[in-house]
Amino acid sequence: MTVKLLQVGDLHLDAAYARLAPDRASYRRRAARDLLDEIVAVAKAEGAAMILCTGDLFDTPTPYRDTVEAAVAAFGRAQIPVFLSPGNHDFFTRSSPYFAADWSENVHIFTAETPETIALPDLNCEVSGVAFLSERPALRPLSSLTASEGKLSIFVGHGEVAADSDYAAFPTAEIVRAGFDLVALGHIHKPEVTTVGKTLVVQNGSAEGHGYDEAGEHGYSLVTLSDAGHSVRLIPSSGMRAVRLELDEALTDTNAILAAVLAQCPHPERTMVRLVCSAAEPDRLEEALHAQFLDCKLVLRAESEHARTAFSSPLLKLFAQKADAAQKAAKSPKEQAIAAMAAQFGEAAMLGREQPRTAISNPKGGPA
């Protein structure tokens, strides 16, 4: 038997988007609600038998009423089972929308820290899950849970594959012992797929990139479970993206830089771009980037010829004089090599670098 499911999570609806200007943050909150309809459309198009939401659907336990109504309506239109596992941002309480809203019958919300199991006889499948009841419950949901034999077994939750966690921990030994076919997890914003024993572990990542530390593709995980084997395909969402670019230092013209960035970012209205470049007119370039993109962070490359001037040149000049004197005073090739290495590492440290730009030899004969 083959079962397809769509795994989503970490939408963080109603996030503050603190980096953005207030009007753009408001626009992004409204645009993020559209992902709910997109999720349902993707599930139908791909023939998914269910939707698993692995937590942090909302960024807060008290989202806007408009957002809750959009979620209730979208998942009600799915017409397939939808399982919601509240996470650390949208943990379950009696005042949360998970309790108070009028969800349709096809939506099941896990409401306890102890696992609950729901049977889907038509699919010969069982879906188990838990809910966060606080921000940091320090759970171990699989510590005493074992999958049923002879049925497709799925666990949905929020947490990380780790021996311990302030949130919810899924140690590899407990994943193996529990014996589920699929452990579907949210919380980690980078998508990752691993196999632990016989169990497929899918961390779907966030549905969109929320910051420059979340560059790369984001979306929804289409998971196919079958007797012949399991597979996972990431389906990109239309949500916000963070892109990190570094252009050739010879490219300095504002219009040329902007054209190069737009060529790599086809949807600037939903793209946050961090750009490292050498700009002849940095103020004009930054203004042009802000006009085109949702957000931008411009990092000017310090040209090597001007590095001494750009980084504390008087102190660096004094260090260079002392380093030259130390090399001239060296009494053996080994002492000279040590002095040269000290000079290069010292200069690198004063320029804020971890390593010298040029390779150097270790005086003992090995790599530096």
# chains A, B, ... in the order shown; residues from 1 in each chain; ligands from 1

call {"tool": "select_by_dssp", "arguments": {"residues": "range 93-186 of chain A", "states": "alpha helix (DSSP H)", "output": "list in words"}}
result
Pro97, Tyr98, Phe99, Ala100, Thr172, Ala173, Glu174, Ile175, Val176, Arg177 and Ala178 of chain A

call {"tool": "select_by_dssp", "arguments": {"residues": "range 5-154 of chain A", "states": "strand (DSSP E or B)", "output": "VMD selection string"}}
result
chain A and resid 5 to 8 13 50 to 53 58 82 to 84 107 to 109 116 to 120 125 to 129 139 152 to 154

call {"tool": "atom_distance", "arguments": {"atom1": "CA of Leu200 in chain A", "atom2": "CA of Ile109 in chain A"}}
result
22.6 Å

call {"tool": "residues_around", "arguments": {"residues": "range 246-259 of chain A", "least_positions_apart": "6", "cutoff": "8 Å", "atoms": "only C-alpha atoms", "output": "list in words"}}
result
Leu275, Val276, Cys277, Ser278, Ala279, Ala280, Glu281, Pro282, Arg284, Leu285, Ala288, Leu289 and Arg301 of chain A

call {"tool": "residues_around", "arguments": {"residues": "Gly205 in chain A", "least_positions_apart": "4", "cutoff": "6 Å", "atoms": "only C-alpha atoms", "output": "list in words"}}
result
Ile188, His189, Lys190 and Pro191 of chain A

call {"tool": "write_last_selection", "arguments": {"atoms": "N, CA and C atoms", "output": "tab-separated table (two decimals), in the first residue's frame"}}
result
chain	number	residue	atom	x	y	z
A	188	ILE	N	12.93	22.75	13.93
A	188	ILE	CA	14.16	23.10	13.24
A	188	ILE	C	13.79	23.69	11.88
A	189	HIS	N	14.26	24.90	11.59
A	189	HIS	CA	13.79	25.61	10.40
A	189	HIS	C	14.47	25.18	9.11
A	190	LYS	N	15.48	24.34	9.19
A	190	LYS	CA	16.14	23.83	7.99
A	190	LYS	C	15.60	22.45	7.67
A	191	PRO	N	15.12	22.21	6.44
A	191	PRO	CA	14.60	20.88	6.11
A	191	PRO	C	15.70	19.83	6.14

call {"tool": "residues_around", "arguments": {"residues": "Arg270 in chain A", "least_positions_apart": "5", "cutoff": "7 Å", "atoms": "only C-alpha atoms", "output": "MDAnalysis selection string"}}
result
chainID A and resid 239:241 294

call {"tool": "residues_around", "arguments": {"residues": "Val8 in chain A", "least_positions_apart": "2", "cutoff": "8 Å", "atoms": "only C-alpha atoms", "output": "number ranges by chain"}}
result
A: 6, 10-11, 39, 51-54, 186, 204-207, 219-221

call {"tool": "residues_around", "arguments": {"residues": "Ala325 in chain A", "least_positions_apart": "5", "cutoff": "12 Å", "atoms": "only C-alpha atoms", "output": "number ranges by chain"}}
result
A: 318-320, 330, 336, 339-340, 343

call {"tool": "closest_residue", "arguments": {"among": "A:Arg274, A:Lys198, A:Arg65, A:His158", "to": "Val176 in chain A", "atoms": "only C-alpha atoms"}}
result
A:Lys198

call {"tool": "atom_distance", "arguments": {"atom1": "CA of Leu5 in chain A", "atom2": "CA of Val223 in chain A"}}
result
5.3 Å

call {"tool": "closest_residue", "arguments": {"among": "A:Glu113, A:Asp102, A:Asp122, A:Asp295", "to": "Ala25 in chain A", "atoms": "only C-alpha atoms"}}
result
A:Asp295

call {"tool": "closest_residue", "arguments": {"among": "A:Phe75, A:Phe58, A:Phe92, A:Tyr17", "to": "Ala41 in chain A", "atoms": "only C-alpha atoms"}}
result
A:Phe75
